[in-house]
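Next comes start-v9.cif, with mmCIF, C-alpha atoms (C1' of nucleotides).
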data_coords
#
loop_
_atom_site.label_atom_id
_atom_site.label_comp_id
_atom_site.auth_asym_id
_atom_site.auth_seq_id
_atom_site.Cartn_x
_atom_site.Cartn_y
_atom_site.Cartn_z
CA MET A 176 -30.15 15.46 52.89
CA SER A 177 -27.71 15.82 50.07
CA PRO A 178 -27.75 12.78 47.84
CA ARG A 179 -24.37 11.37 47.11
CA SER A 180 -23.40 12.48 43.64
CA THR A 181 -20.20 11.16 42.17
CA VAL A 182 -20.31 13.71 39.39
CA ALA A 183 -20.71 16.64 41.77
CA GLU A 184 -17.93 15.33 43.99
CA ALA A 185 -15.65 14.95 41.02
CA ARG A 186 -16.38 18.54 40.04
CA ARG A 187 -15.54 19.74 43.52
CA THR A 188 -12.30 17.78 43.51
CA ARG A 189 -11.43 19.27 40.15
CA ALA A 190 -12.07 22.75 41.51
CA ARG A 191 -9.92 22.01 44.57
CA ILE A 192 -7.09 20.88 42.31
CA ILE A 193 -7.30 23.98 40.15
CA ASP A 194 -7.40 26.37 43.10
CA ARG A 195 -4.29 24.77 44.54
CA SER A 196 -2.71 24.79 41.11
CA VAL A 197 -3.27 28.54 40.77
CA ALA A 198 -1.49 29.12 44.07
CA LEU A 199 1.40 26.81 43.21
CA ALA A 200 1.82 28.24 39.72
CA SER A 201 1.87 31.74 41.16
CA VAL A 202 4.96 30.70 43.13
CA ASP A 203 6.70 28.20 40.84
CA GLY A 204 5.27 29.09 37.45
CA LEU A 205 3.11 26.98 35.16
CA GLU A 206 6.13 24.87 34.19
CA GLY A 207 7.43 24.60 37.74
CA LEU A 208 4.06 23.15 38.66
CA THR A 209 4.23 19.35 39.10
CA ILE A 210 1.51 16.72 39.31
CA GLY A 211 3.27 15.00 42.21
CA ARG A 212 3.48 18.13 44.34
CA LEU A 213 -0.16 18.94 43.64
CA ALA A 214 -1.21 15.40 44.55
CA GLY A 215 0.81 15.50 47.76
CA ASP A 216 -0.65 18.84 48.83
CA LEU A 217 -4.21 17.63 48.28
CA GLY A 218 -3.84 14.10 49.61
CA LEU A 219 -4.54 12.58 46.22
CA SER A 220 -2.63 10.21 44.00
CA LYS A 221 -0.87 11.54 40.93
CA ALA A 222 -3.24 9.56 38.72
CA GLY A 223 -6.17 11.01 40.64
CA VAL A 224 -4.98 14.50 39.81
CA LEU A 225 -4.02 13.85 36.23
CA GLY A 226 -7.25 11.99 35.50
CA HIS A 227 -9.15 15.28 35.66
CA PHE A 228 -7.11 16.83 32.89
CA GLY A 229 -5.32 14.18 30.89
CA THR A 230 -2.06 16.03 30.44
CA LYS A 231 -0.03 18.60 32.27
CA GLU A 232 -0.63 21.06 29.47
CA ALA A 233 -4.41 20.73 29.91
CA LEU A 234 -3.92 21.37 33.62
CA GLN A 235 -1.87 24.47 32.80
CA LEU A 236 -4.64 25.75 30.53
CA ALA A 237 -7.30 25.09 33.17
CA THR A 238 -5.15 26.89 35.73
CA LEU A 239 -4.80 29.87 33.42
CA GLU A 240 -8.55 29.93 32.82
CA ARG A 241 -9.29 29.92 36.54
CA ALA A 242 -6.75 32.66 37.20
CA SER A 243 -8.31 34.72 34.46
CA ALA A 244 -11.75 34.33 36.06
CA LEU A 245 -10.29 35.48 39.37
CA PHE A 246 -8.66 38.46 37.69
CA THR A 247 -11.94 39.44 36.07
CA ALA A 248 -13.79 39.11 39.36
CA LEU A 249 -11.23 41.25 41.20
CA VAL A 250 -10.41 43.91 38.62
CA TRP A 251 -13.13 44.27 36.00
CA ASP A 252 -16.38 43.30 37.71
CA PRO A 253 -16.24 45.76 40.62
CA ALA A 254 -15.63 48.59 38.14
CA SER A 255 -18.54 47.75 35.87
CA ALA A 256 -20.95 49.66 38.11
CA VAL A 257 -18.93 52.86 37.84
CA GLU A 258 -19.97 55.37 35.21
CA PRO A 259 -17.94 55.12 31.98
CA GLY A 260 -15.05 57.54 31.53
CA LEU A 261 -12.08 58.54 33.60
CA ARG A 262 -13.75 57.50 36.84
CA ARG A 263 -14.23 53.92 35.66
CA LEU A 264 -10.77 53.80 34.16
CA ARG A 265 -9.30 54.90 37.48
CA ALA A 266 -11.44 52.34 39.32
CA VAL A 267 -10.00 49.60 37.15
CA CYS A 268 -6.49 50.92 37.78
CA GLN A 269 -7.05 50.96 41.54
CA ASN A 270 -8.48 47.42 41.48
CA TRP A 271 -5.40 46.35 39.53
CA ILE A 272 -3.16 47.71 42.27
CA ASP A 273 -5.20 45.89 44.88
CA TYR A 274 -5.09 42.70 42.84
CA LEU A 275 -1.28 42.81 42.85
CA ASP A 276 -0.91 44.12 46.38
CA HIS A 277 -3.56 42.28 48.37
CA ALA A 278 -4.50 39.12 46.50
CA ARG A 279 -1.73 37.20 48.25
CA GLU A 280 -4.12 34.48 49.37
CA VAL A 281 -5.02 33.54 45.81
CA PHE A 282 -1.72 34.45 44.17
CA PRO A 283 0.94 34.03 46.86
CA GLY A 284 3.78 34.37 44.34
CA GLY A 285 2.43 37.43 42.55
CA CYS A 286 0.66 37.88 39.26
CA LEU A 287 0.35 34.53 37.52
CA PHE A 288 0.09 36.15 34.10
CA THR A 289 3.33 38.03 34.55
CA THR A 290 5.04 34.82 35.58
CA ALA A 291 3.49 32.84 32.73
CA SER A 292 4.19 35.50 30.12
CA VAL A 293 7.90 35.45 30.96
CA GLU A 294 7.98 31.66 31.26
CA PHE A 295 6.40 31.00 27.89
CA ASP A 296 7.39 34.00 25.81
CA ALA A 297 10.10 31.95 24.10
CA HIS A 298 8.09 28.74 23.72
CA ASP A 299 5.37 28.30 21.15
CA GLY A 300 2.31 26.25 22.00
CA PRO A 301 -1.22 26.47 23.39
CA VAL A 302 -0.14 27.89 26.76
CA ARG A 303 1.86 30.70 25.22
CA ARG A 304 -0.97 31.48 22.83
CA ASN A 305 -3.50 31.61 25.66
CA VAL A 306 -1.35 33.86 27.81
CA ALA A 307 -0.87 36.24 24.90
CA ARG A 308 -4.58 36.12 24.09
CA LEU A 309 -5.63 36.99 27.65
CA LEU A 310 -3.22 39.91 27.81
CA MET A 311 -4.53 41.16 24.48
CA VAL A 312 -8.14 40.88 25.64
CA TRP A 313 -7.39 43.01 28.69
CA ARG A 314 -5.36 45.47 26.68
CA ARG A 315 -8.26 45.95 24.28
CA ARG A 316 -10.72 46.33 27.11
CA LEU A 317 -8.49 48.84 28.84
CA ALA A 318 -8.05 50.75 25.59
CA GLY A 319 -11.84 50.88 25.35
CA GLU A 320 -12.03 52.50 28.77
CA VAL A 321 -9.41 55.05 27.75
CA ARG A 322 -11.39 55.78 24.58
CA LEU A 323 -14.55 56.37 26.60
CA ALA A 324 -12.69 58.84 28.78
CA VAL A 325 -11.44 60.64 25.69
CA GLU A 326 -14.95 60.77 24.26
CA ALA A 327 -16.21 62.16 27.55
CA GLY A 328 -13.67 64.96 27.22
CA GLU A 329 -11.84 63.82 30.33
CA LEU A 330 -8.65 63.03 28.46
CA PRO A 331 -7.17 65.07 25.60
CA ALA A 332 -8.61 64.35 22.17
CA ASP A 333 -5.24 63.37 20.75
CA THR A 334 -4.71 60.64 23.36
CA ASP A 335 -3.44 57.39 21.85
CA PRO A 336 -5.34 54.72 23.82
CA GLU A 337 -2.93 51.94 22.91
CA GLN A 338 0.03 54.03 24.00
CA VAL A 339 -1.68 54.66 27.33
CA VAL A 340 -2.41 50.95 27.70
CA HIS A 341 1.18 50.05 26.90
CA GLU A 342 2.43 52.43 29.58
CA LEU A 343 -0.13 51.12 32.06
CA THR A 344 1.23 47.64 31.42
CA GLY A 345 4.70 48.86 32.36
CA ILE A 346 3.41 50.49 35.51
CA TYR A 347 1.87 47.20 36.65
CA LEU A 348 4.87 45.10 35.70
CA ALA A 349 7.03 47.47 37.74
CA LEU A 350 4.61 47.22 40.65
CA ASN A 351 4.71 43.43 40.58
CA GLN A 352 8.52 43.45 40.58
CA ALA A 353 8.73 46.05 43.35
CA LEU A 354 6.31 44.02 45.48
CA GLN A 355 7.56 40.50 44.85
CA LEU A 356 11.29 40.80 44.26
CA LEU A 357 12.32 44.07 45.86
CA ARG A 358 9.70 44.11 48.62
CA ASP A 359 9.65 47.86 48.30
CA PRO A 360 7.28 49.40 50.86
CA LEU A 361 6.87 52.40 48.54
CA ALA A 362 5.71 50.25 45.63
CA ALA A 363 2.02 51.17 45.78
CA THR A 364 2.78 54.84 46.35
CA ARG A 365 5.11 54.97 43.36
CA THR A 366 2.48 53.27 41.25
CA ARG A 367 -0.17 55.80 42.21
CA ARG A 368 2.23 58.62 41.39
CA ALA A 369 2.98 57.09 38.01
CA LEU A 370 -0.74 56.75 37.32
CA ASP A 371 -1.36 60.37 38.28
CA ARG A 372 1.30 61.40 35.83
CA LEU A 373 -0.09 59.21 33.04
CA LEU A 374 -3.80 59.72 33.39
CA PRO A 375 -5.38 62.80 34.85
CA VAL A 376 -2.83 65.31 33.74
CA LEU A 377 -5.18 67.09 31.38
CA ALA A 378 -8.32 66.28 33.29
CA ARG A 379 -7.97 69.09 35.77
CA MET B 80 41.66 12.58 24.56
CA SER B 81 42.44 15.52 26.78
CA PRO B 82 41.66 14.60 30.35
CA ARG B 83 44.76 16.58 31.32
CA SER B 84 43.85 19.89 29.78
CA THR B 85 45.85 22.92 30.58
CA VAL B 86 44.47 25.50 32.93
CA ALA B 87 43.86 27.83 29.99
CA GLU B 88 41.87 25.17 28.16
CA ALA B 89 39.78 24.53 31.23
CA ARG B 90 39.08 28.25 31.47
CA ARG B 91 38.00 28.37 27.83
CA THR B 92 35.71 25.41 28.35
CA ARG B 93 34.21 27.07 31.37
CA ALA B 94 33.60 30.23 29.36
CA ARG B 95 31.95 28.18 26.58
CA ILE B 96 29.67 26.55 29.12
CA ILE B 97 28.66 29.86 30.63
CA ASP B 98 28.00 31.53 27.29
CA ARG B 99 25.74 28.66 26.28
CA SER B 100 24.13 28.76 29.71
CA VAL B 101 23.27 32.45 29.32
CA ALA B 102 21.53 31.72 26.02
CA LEU B 103 19.65 28.71 27.40
CA ALA B 104 18.62 30.54 30.57
CA SER B 105 17.34 33.43 28.51
CA VAL B 106 14.92 30.99 26.86
CA ASP B 107 14.13 28.51 29.65
CA GLY B 108 15.00 30.46 32.76
CA LEU B 109 17.70 29.76 35.32
CA GLU B 110 15.62 26.92 36.77
CA GLY B 111 14.64 25.54 33.37
CA LEU B 112 18.35 25.26 32.64
CA THR B 113 19.58 21.65 32.95
CA ILE B 114 23.08 20.21 33.12
CA GLY B 115 22.16 17.46 30.67
CA ARG B 116 20.91 19.84 28.01
CA LEU B 117 23.96 22.03 28.41
CA ALA B 118 26.28 19.02 28.14
CA GLY B 119 24.48 17.76 25.04
CA ASP B 120 24.65 21.13 23.31
CA LEU B 121 28.38 21.43 23.96
CA GLY B 122 29.40 17.81 23.32
CA LEU B 123 30.46 17.33 26.92
CA SER B 124 29.47 14.89 29.62
CA LYS B 125 27.23 16.06 32.45
CA ALA B 126 30.07 15.53 34.91
CA GLY B 127 32.33 17.54 32.63
CA VAL B 128 29.93 20.46 32.83
CA LEU B 129 29.16 20.20 36.52
CA GLY B 130 32.82 19.81 37.46
CA HIS B 131 33.41 23.46 36.63
CA PHE B 132 30.83 24.66 39.10
CA GLY B 133 30.06 21.95 41.63
CA THR B 134 26.33 22.55 41.85
CA LYS B 135 23.56 23.79 39.62
CA GLU B 136 23.14 26.79 41.89
CA ALA B 137 26.78 27.78 41.39
CA LEU B 138 26.23 27.48 37.64
CA GLN B 139 23.17 29.72 37.94
CA LEU B 140 25.19 32.32 39.83
CA ALA B 141 28.01 32.19 37.27
CA THR B 142 25.45 32.58 34.49
CA LEU B 143 23.95 35.60 36.22
CA GLU B 144 27.40 37.12 36.67
CA ARG B 145 28.25 36.68 32.98
CA ALA B 146 24.90 38.14 31.92
CA SER B 147 25.52 41.11 34.17
CA ALA B 148 28.92 41.69 32.55
CA LEU B 149 27.25 41.60 29.13
CA PHE B 150 24.60 44.05 30.28
CA THR B 151 27.25 46.43 31.57
CA ALA B 152 29.21 46.18 28.34
CA LEU B 153 26.12 46.87 26.23
CA VAL B 154 24.30 49.48 28.31
CA TRP B 155 26.62 51.28 30.72
CA ASP B 156 30.05 51.24 29.10
CA PRO B 157 29.13 52.92 25.80
CA ALA B 158 27.47 55.75 27.73
CA SER B 159 30.40 56.45 30.02
CA ALA B 160 32.04 58.64 27.38
CA VAL B 161 28.99 60.88 27.11
CA GLU B 162 28.97 64.05 29.22
CA PRO B 163 27.06 63.67 32.49
CA GLY B 164 23.49 64.91 32.61
CA LEU B 165 20.42 64.39 30.51
CA ARG B 166 22.46 63.44 27.45
CA ARG B 167 24.16 60.57 29.24
CA LEU B 168 20.92 59.48 30.84
CA ARG B 169 19.27 59.33 27.46
CA ALA B 170 22.23 57.43 26.02
CA VAL B 171 21.82 54.79 28.71
CA CYS B 172 18.09 54.62 27.98
CA GLN B 173 18.72 54.16 24.27
CA ASN B 174 21.34 51.47 24.91
CA TRP B 175 18.80 49.73 27.14
CA ILE B 176 16.30 49.65 24.28
CA ASP B 177 18.95 48.24 21.97
CA TYR B 178 19.93 45.66 24.56
CA LEU B 179 16.36 44.38 24.69
CA ASP B 180 15.63 44.80 21.00
CA HIS B 181 18.83 43.69 19.29
CA ALA B 182 20.79 41.50 21.66
CA ARG B 183 18.99 38.41 20.40
CA GLU B 184 22.23 36.58 19.71
CA VAL B 185 23.28 36.71 23.36
CA PHE B 186 19.81 36.66 24.92
CA PRO B 187 17.59 34.79 22.44
CA GLY B 188 14.72 34.56 24.94
CA GLY B 189 14.81 38.17 26.09
CA CYS B 190 16.20 39.85 29.18
CA LEU B 191 17.63 37.22 31.50
CA PHE B 192 17.17 39.43 34.54
CA THR B 193 13.48 39.90 33.87
CA THR B 194 13.08 36.14 33.52
CA ALA B 195 15.14 35.43 36.63
CA SER B 196 13.43 38.09 38.71
CA VAL B 197 10.03 36.55 38.04
CA GLU B 198 11.34 32.99 38.46
CA PHE B 199 12.94 33.60 41.83
CA ASP B 200 10.84 36.36 43.35
CA ALA B 201 8.98 33.83 45.50
CA HIS B 202 12.02 31.70 46.39
CA ASP B 203 14.61 32.77 48.91
CA GLY B 204 18.23 31.85 48.36
CA PRO B 205 21.49 33.07 46.83
CA VAL B 206 20.10 33.33 43.30
CA ARG B 207 17.17 35.47 44.34
CA ARG B 208 19.43 37.66 46.44
CA ASN B 209 21.84 38.16 43.55
CA VAL B 210 19.10 39.04 41.09
CA ALA B 211 17.71 41.58 43.53
CA ARG B 212 21.17 42.95 44.21
CA LEU B 213 21.96 43.46 40.52
CA LEU B 214 18.66 45.22 39.90
CA MET B 215 19.31 47.46 42.90
CA VAL B 216 22.83 48.30 41.69
CA TRP B 217 21.47 49.41 38.33
CA ARG B 218 18.62 51.31 39.93
CA ARG B 219 21.07 53.22 42.09
CA ARG B 220 23.34 53.94 39.15
CA LEU B 221 20.40 55.12 37.05
CA ALA B 222 19.20 57.30 39.92
CA GLY B 223 22.67 58.82 40.00
CA GLU B 224 22.39 59.75 36.33
CA VAL B 225 19.01 61.33 36.98
CA ARG B 226 20.46 63.27 39.88
CA LEU B 227 23.28 64.58 37.69
CA ALA B 228 20.72 65.78 35.15
CA VAL B 229 18.82 67.55 37.90
CA GLU B 230 22.01 69.19 39.17
CA ALA B 231 22.80 70.30 35.63
CA GLY B 232 19.42 72.03 35.56
CA GLU B 233 18.19 69.75 32.77
CA LEU B 234 15.45 68.23 34.87
CA PRO B 235 13.25 70.06 37.38
CA ALA B 236 14.74 70.55 40.82
CA ASP B 237 11.88 68.70 42.50
CA THR B 238 12.47 65.54 40.44
CA ASP B 239 12.37 62.37 42.54
CA PRO B 240 15.17 60.25 41.02
CA GLU B 241 13.89 57.01 42.50
CA GLN B 242 10.42 57.65 41.15
CA VAL B 243 11.90 58.21 37.70
CA VAL B 244 13.93 55.02 38.00
CA HIS B 245 10.88 53.07 39.09
CA GLU B 246 8.95 54.28 36.06
CA LEU B 247 11.90 53.55 33.79
CA THR B 248 11.86 50.00 35.10
CA GLY B 249 8.23 49.68 34.07
CA ILE B 250 8.95 51.06 30.63
CA TYR B 251 11.61 48.39 30.06
CA LEU B 252 9.54 45.57 31.49
CA ALA B 253 6.75 46.58 29.12
CA LEU B 254 9.19 46.68 26.22
CA ASN B 255 10.46 43.19 27.00
CA GLN B 256 6.90 41.84 27.13
CA ALA B 257 5.88 43.62 23.93
CA LEU B 258 8.92 42.24 22.13
CA GLN B 259 9.01 38.69 23.44
CA LEU B 260 5.41 37.73 24.10
CA LEU B 261 3.32 40.06 21.97
CA ARG B 262 5.85 40.52 19.16
CA ASP B 263 4.52 44.03 18.77
CA PRO B 264 6.27 45.82 15.90
CA LEU B 265 5.49 49.15 17.58
CA ALA B 266 7.24 48.15 20.80
CA ALA B 267 10.36 50.28 20.36
CA THR B 268 8.33 53.27 19.16
CA ARG B 269 6.01 53.10 22.15
CA THR B 270 9.01 52.87 24.45
CA ARG B 271 10.60 55.96 22.96
CA ARG B 272 7.32 57.83 23.31
CA ALA B 273 7.06 56.79 26.95
CA LEU B 274 10.63 57.96 27.56
CA ASP B 275 9.92 61.31 25.93
CA ARG B 276 6.97 61.75 28.25
CA LEU B 277 8.97 60.76 31.32
CA LEU B 278 12.27 62.50 30.79
CA PRO B 279 12.69 65.66 28.80
CA VAL B 280 9.35 67.22 29.57
CA LEU B 281 10.83 70.06 31.57
CA ALA B 282 14.14 70.16 29.75
CA ARG B 283 12.89 72.47 27.04
"C1'" DC C 114 36.90 15.84 31.21
"C1'" DC C 115 35.49 10.87 30.99
"C1'" DT C 116 32.47 6.45 32.23
"C1'" DA C 117 29.45 4.50 35.24
"C1'" DC C 118 26.37 4.94 38.45
"C1'" DC C 119 23.02 6.75 42.41
"C1'" DG C 120 18.22 7.83 44.37
"C1'" DA C 121 14.54 10.90 43.37
"C1'" DT C 122 11.21 12.65 40.59
"C1'" DC C 123 9.20 13.74 36.21
"C1'" DG C 124 4.74 13.11 33.05
"C1'" DG C 125 2.00 9.57 31.89
"C1'" DT C 126 -0.42 4.64 31.41
"C1'" DA C 127 -2.90 0.17 32.59
"C1'" DG C 128 -6.31 -1.77 34.93
"C1'" DG C 129 -9.61 -1.86 38.45
"C1'" DC D 118 -9.90 8.04 42.50
"C1'" DC D 119 -6.72 4.07 43.65
"C1'" DT D 120 -2.29 0.89 43.15
"C1'" DA D 121 1.35 -0.35 40.47
"C1'" DC D 122 4.14 0.58 37.13
"C1'" DC D 123 6.76 2.68 32.76
"C1'" DG D 124 10.89 5.05 30.46
"C1'" DA D 125 13.17 9.36 30.73
"C1'" DT D 126 15.55 12.70 32.99
"C1'" DC D 127 16.87 15.27 36.99
"C1'" DG D 128 21.13 16.93 40.06
"C1'" DG D 129 24.92 14.92 41.78
"C1'" DT D 130 28.95 11.42 43.11
"C1'" DA D 131 32.96 8.05 42.73
"C1'" DG D 132 36.91 7.10 40.68
"C1'" DG D 133 40.12 7.46 37.10
#
Produce structure tokens that represent the structure in this file.
Amino acid sequence: MSPRSTVAEARRTRARIIDRSVALASVDGLEGLTIGRLAGDLGLSKAGVLGHFGTKEALQLATLERASALFTALVWDPASAVEPGLRRLRAVCQNWIDYLDHAREVFPGGCLFTTASVEFDAHDGPVRRNVARLLMVWRRRLAGEVRLAVEAGELPADTDPEQVVHELTGIYLALNQALQLLRDPLAATRTRRALDRLLPVLAR
Amino acid sequence: MSPRSTVAEARRTRARIIDRSVALASVDGLEGLTIGRLAGDLGLSKAGVLGHFGTKEALQLATLERASALFTALVWDPASAVEPGLRRLRAVCQNWIDYLDHAREVFPGGCLFTTASVEFDAHDGPVRRNVARLLMVWRRRLAGEVRLAVEAGELPADTDPEQVVHELTGIYLALNQALQLLRDPLAATRTRRALDRLLPVLAR
DNA sequence: CCTACCGATCGGTAGG
DNA sequence: CCTACCGATCGGTAGG
């Protein structure tokens, strides 16, 4: 039988709160998130929710951390088994499309990082810094994949990895907008076409 | 003092409110906007502000309308004198860069439409519909410019105007993020490089 | 365009 | 993790 553990139960409650918070923040943003709404959704008191974090800002940071773990699990991890080079880069790109297109259960309002980056880009503070840091981490990692593809001779030697990463960013921001705001049924197709134009042009 | 203002004075006050509202919404979003903050900034009472619009939603719509007029004046109007075709398309694209890069006075927190599109993409209602409508209007107009360039033989005959417009959207979303969140000094350069890759490739 | 006010909700605290 | 509560602020209204 499972012995009653207050600590373990508290951890599970905390995880429940954060999962719900990720979903709510995906829809309403990290600022639009409220303790009261979260408490209501989970059948907890506001103090019961806030007690796990102390402040709303700490909750926002925990939410961001959880979303980042989900992103890594959906986009990076499945690609780590693929051989380095253009194939792995394209695997990451495809996972990224799927993350935006099919991860509706976890992120019902679309990419949380896109929402947060727009919400906080004009407000200094720990949340803004963490959003920017996460985006930079992924940009660097993506640039590394591009570099490996260049070194493997699968992309032209004069490729500028950071330029490619910048353009990839735009492709995914456009996809998120086409999916969430415009509800464009061609969104994924257009994205794949844009990727084909950006990436494998010289790989044939 | 002047409870009985003339109609002209009331109009000027309304314009002052909206201009301030555009600036605030650029930083805090159309939801982050509050009547109280607006009233405080302008030395008015909350009722004095709200009286011009009736509801916060009406204020949001008026703010969106004003921002759209500013966008048209900065991006479309200056290009209307340029001859149709690739030259005019590129003029619009350059004005768009300038709008995002230098219109800090009017939009201190970056592109209001980008902020609003992310804020409202998961919330139905008149604001969401208007944001989507404006983006669609500009997409159609941009596609028209692309089409003119194709007809002038300056872009390949098999160009898909809507695909080009979709990719242009991504380029500008990436620029806004690089400017506002990442404060990347290379943002404008990277944008121009992306445009060169997208547009004039077959125009030589 | 003002004062005065409304109920609701915000983030957060005290104490158990 | 709860109840009970805090001051502040929210959008909005009544009446002048």
Subject >> Chain and number of each residue from the PyMOL selection byres ((chain C) within 12 of (chain A)), as a list in words >> reply: DT122, DC123, DG124, DG125, DT126 and DA127 of chain C
**OP:** Restrict the distance test to all atoms listed in the file, flag each residue of chain B within 8 Å of chain A, and return the flagged residues as a ChimeraX atom specification.
**Re:** /B:106-108,188,193-194,196-202,207,211,242,245-246,248-254,256,259-261,269,273
Same residues, C-alpha atoms, saved as a CSV table (one decimal), in the frame of the given file:
chain,number,residue,atom,x,y,z
B,106,VAL,CA,14.9,31.0,26.9
B,107,ASP,CA,14.1,28.5,29.6
B,108,GLY,CA,15.0,30.5,32.8
B,188,GLY,CA,14.7,34.6,24.9
B,193,THR,CA,13.5,39.9,33.9
B,194,THR,CA,13.1,36.1,33.5
B,196,SER,CA,13.4,38.1,38.7
B,197,VAL,CA,10.0,36.6,38.0
B,198,GLU,CA,11.3,33.0,38.5
B,199,PHE,CA,12.9,33.6,41.8
B,200,ASP,CA,10.8,36.4,43.4
B,201,ALA,CA,9.0,33.8,45.5
B,202,HIS,CA,12.0,31.7,46.4
B,207,ARG,CA,17.2,35.5,44.3
B,211,ALA,CA,17.7,41.6,43.5
B,242,GLN,CA,10.4,57.6,41.2
B,245,HIS,CA,10.9,53.1,39.1
B,246,GLU,CA,9.0,54.3,36.1
B,248,THR,CA,11.9,50.0,35.1
B,249,GLY,CA,8.2,49.7,34.1
B,250,ILE,CA,9.0,51.1,30.6
B,251,TYR,CA,11.6,48.4,30.1
B,252,LEU,CA,9.5,45.6,31.5
B,253,ALA,CA,6.8,46.6,29.1
B,254,LEU,CA,9.2,46.7,26.2
B,256,GLN,CA,6.9,41.8,27.1
B,259,GLN,CA,9.0,38.7,23.4
B,260,LEU,CA,5.4,37.7,24.1
B,261,LEU,CA,3.3,40.1,22.0
B,269,ARG,CA,6.0,53.1,22.2
B,273,ALA,CA,7.1,56.8,27.0
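When every C-alpha of chain B is superposed on its counterpart in chain A by least squares, the root-mean-square deviation equals 2.2 Å.
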**OP:** Could you expand the PyMOL selection byres ((chain B and resi 142) around 12) into the explicit residues it covers here, written as a PyMOL selection string?
**Re:** chain B and resi 93-105+108-110+112+132+135-141+143-149+186+191-192+195+206+209-210
Original post:
Expressed in Å to a single decimal, how great is the separation between atom CA of Ala158 of chain B and atom CA of Arg183 of chain B?
Top reply: 20.6 Å
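Between atom CA of Asn270 of chain A and atom CA of Arg187 of chain A the interatomic distance comes to 28.6 Å.
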Original post:
Please, what distance in Å, to one decimal, runs between atom CA of Ala248 of chain A and atom CA of Glu329 of chain A?
Top reply: 26.4 Å
Please, what is the axis-aligned box for every listed atom of segment 118-132 of chain D with 6 Å on each side, as centre and edge lengths in Å to one decimal, as lines of an AutoDock Vina configuration file?
center_x = 13.5
center_y = 8.3
center_z = 37.1
size_x = 58.8
size_y = 29.3
size_z = 25.2
**OP:** Could you list the residues chosen by the PyMOL selection byres ((chain C and resi 117) around 12) in this structure as a VMD selection string?
**Re:** (chain B and resid 124 126) or (chain C and resid 115 to 116 118 to 119) or (chain D and resid 130 to 133)
